[in-house]
Amino acid sequence: MVDVLVEILLKKGVADPEGDATLKALRLLGFANVSGVHSAKRFLIRLEESDAAKAKAQVEEMCHKLLANPVIHDYSITVRA
């Protein structure tokens with residue numbers, strides 16, 4: 001069994017209203033030194049798979065089919081054996 005961590009971020013240049021709103025709120029709370037906030041999604045997926053390469057390939061397919069939109073998202077996959 002392996003755990004696979006998927007982190008999904010908006011591509012550079014894509015509007016991030018959640019990150020922008022959080023940045024504004026942090027500055028209003030007195031955190032003036034915060035220069036940027038970017039929102040992200042994280043998924044921890046547990047697979048009944050012993051081969052790390054196969055697990056990564058399965059999660060790559062999950063990203064293509066459901067988890068990420070390749071037009072607006074970049075993502076990274078980390079296999080934790």
# chains A, B, ... in the order shown; residues from 1 in each chain; ligands from 1
>>> residues_around(residues="Ile8 in chain A", least_positions_apart="4", cutoff="6 Å", atoms="only C-alpha atoms", output="list of chain:residue names")
A:Ala40, A:Lys41, A:Asp74, A:Tyr75
>>> residues_around(residues="Asp51 in chain A", least_positions_apart="2", cutoff="10 Å", atoms="only C-alpha atoms", output="list in words")
Met1, Val2, Glu48, Glu49, Ala53, Lys54, Ala55, Lys56 and Ala81 of chain A
>>> residues_around(residues="range 10-27 of chain A", least_positions_apart="6", cutoff="8 Å", atoms="only C-alpha atoms", output="VMD selection string")
chain A and resid 33 to 40 72 to 74
>>> write_last_selection(atoms="N, CA and C atoms", output="mmCIF file, in the first residue's frame")
data_model
loop_
_atom_site.group_PDB
_atom_site.id
_atom_site.type_symbol
_atom_site.label_atom_id
_atom_site.label_comp_id
_atom_site.auth_asym_id
_atom_site.auth_seq_id
_atom_site.Cartn_x
_atom_site.Cartn_y
_atom_site.Cartn_z
ATOM 1 N N ASN A 33 3.781 42.372 5.825
ATOM 2 C CA ASN A 33 4.930 41.815 5.108
ATOM 3 C C ASN A 33 4.561 40.643 4.193
ATOM 4 N N VAL A 34 3.290 40.263 4.126
ATOM 5 C CA VAL A 34 2.862 39.194 3.224
ATOM 6 C C VAL A 34 2.760 39.769 1.814
ATOM 7 N N SER A 35 3.523 39.208 0.884
ATOM 8 C CA SER A 35 3.544 39.758 -0.467
ATOM 9 C C SER A 35 2.708 38.966 -1.461
ATOM 10 N N GLY A 36 2.265 37.770 -1.089
ATOM 11 C CA GLY A 36 1.434 36.995 -2.000
ATOM 12 C C GLY A 36 0.855 35.772 -1.328
ATOM 13 N N VAL A 37 -0.325 35.378 -1.764
ATOM 14 C CA VAL A 37 -0.982 34.166 -1.285
ATOM 15 C C VAL A 37 -1.567 33.461 -2.499
ATOM 16 N N HIS A 38 -1.325 32.176 -2.596
ATOM 17 C CA HIS A 38 -1.863 31.383 -3.697
ATOM 18 C C HIS A 38 -2.626 30.198 -3.119
ATOM 19 N N SER A 39 -3.829 30.003 -3.573
ATOM 20 C CA SER A 39 -4.617 28.878 -3.090
ATOM 21 C C SER A 39 -4.195 27.606 -3.815
ATOM 22 N N ALA A 40 -4.422 26.476 -3.172
ATOM 23 C CA ALA A 40 -4.053 25.183 -3.739
ATOM 24 C C ALA A 40 -4.985 24.116 -3.171
ATOM 25 N N ILE A 72 -5.900 25.198 -16.747
ATOM 26 C CA ILE A 72 -5.657 26.203 -15.706
ATOM 27 C C ILE A 72 -4.815 25.702 -14.531
ATOM 28 N N HIS A 73 -4.553 24.410 -14.443
ATOM 29 C CA HIS A 73 -3.847 23.860 -13.278
ATOM 30 C C HIS A 73 -2.487 23.260 -13.631
ATOM 31 N N ASP A 74 -1.566 23.401 -12.705
ATOM 32 C CA ASP A 74 -0.333 22.628 -12.658
ATOM 33 C C ASP A 74 -0.471 21.723 -11.440
#
>>> residues_around(residues="Val6 in chain A", least_positions_apart="4", cutoff="7 Å", atoms="only C-alpha atoms", output="ChimeraX atom specification")
/A:42-44,75-78
>>> closest_residue(among="A:Leu9, A:Val79, A:Cys63, A:Ala32", to="Arg46 in chain A", atoms="only C-alpha atoms")
A:Val79
>>> atom_distance(atom1="CA of Ser50 in chain A", atom2="CA of Glu7 in chain A")
21.6 Å
>>> atom_distance(atom1="CA of Ile45 in chain A", atom2="CA of Val59 in chain A")
8.2 Å
>>> select_by_dssp(residues="range 4-47 of chain A", states="alpha helix (DSSP H)", output="number ranges by chain")
A: 17-28
>>> atom_distance(atom1="CA of Pro70 in chain A", atom2="CA of Val4 in chain A")
19.3 Å
>>> select_by_dssp(residues="chain A", states="strand (DSSP E or B)", output="PyMOL selection string")
chain A and resi 2-10+40-47+73-80
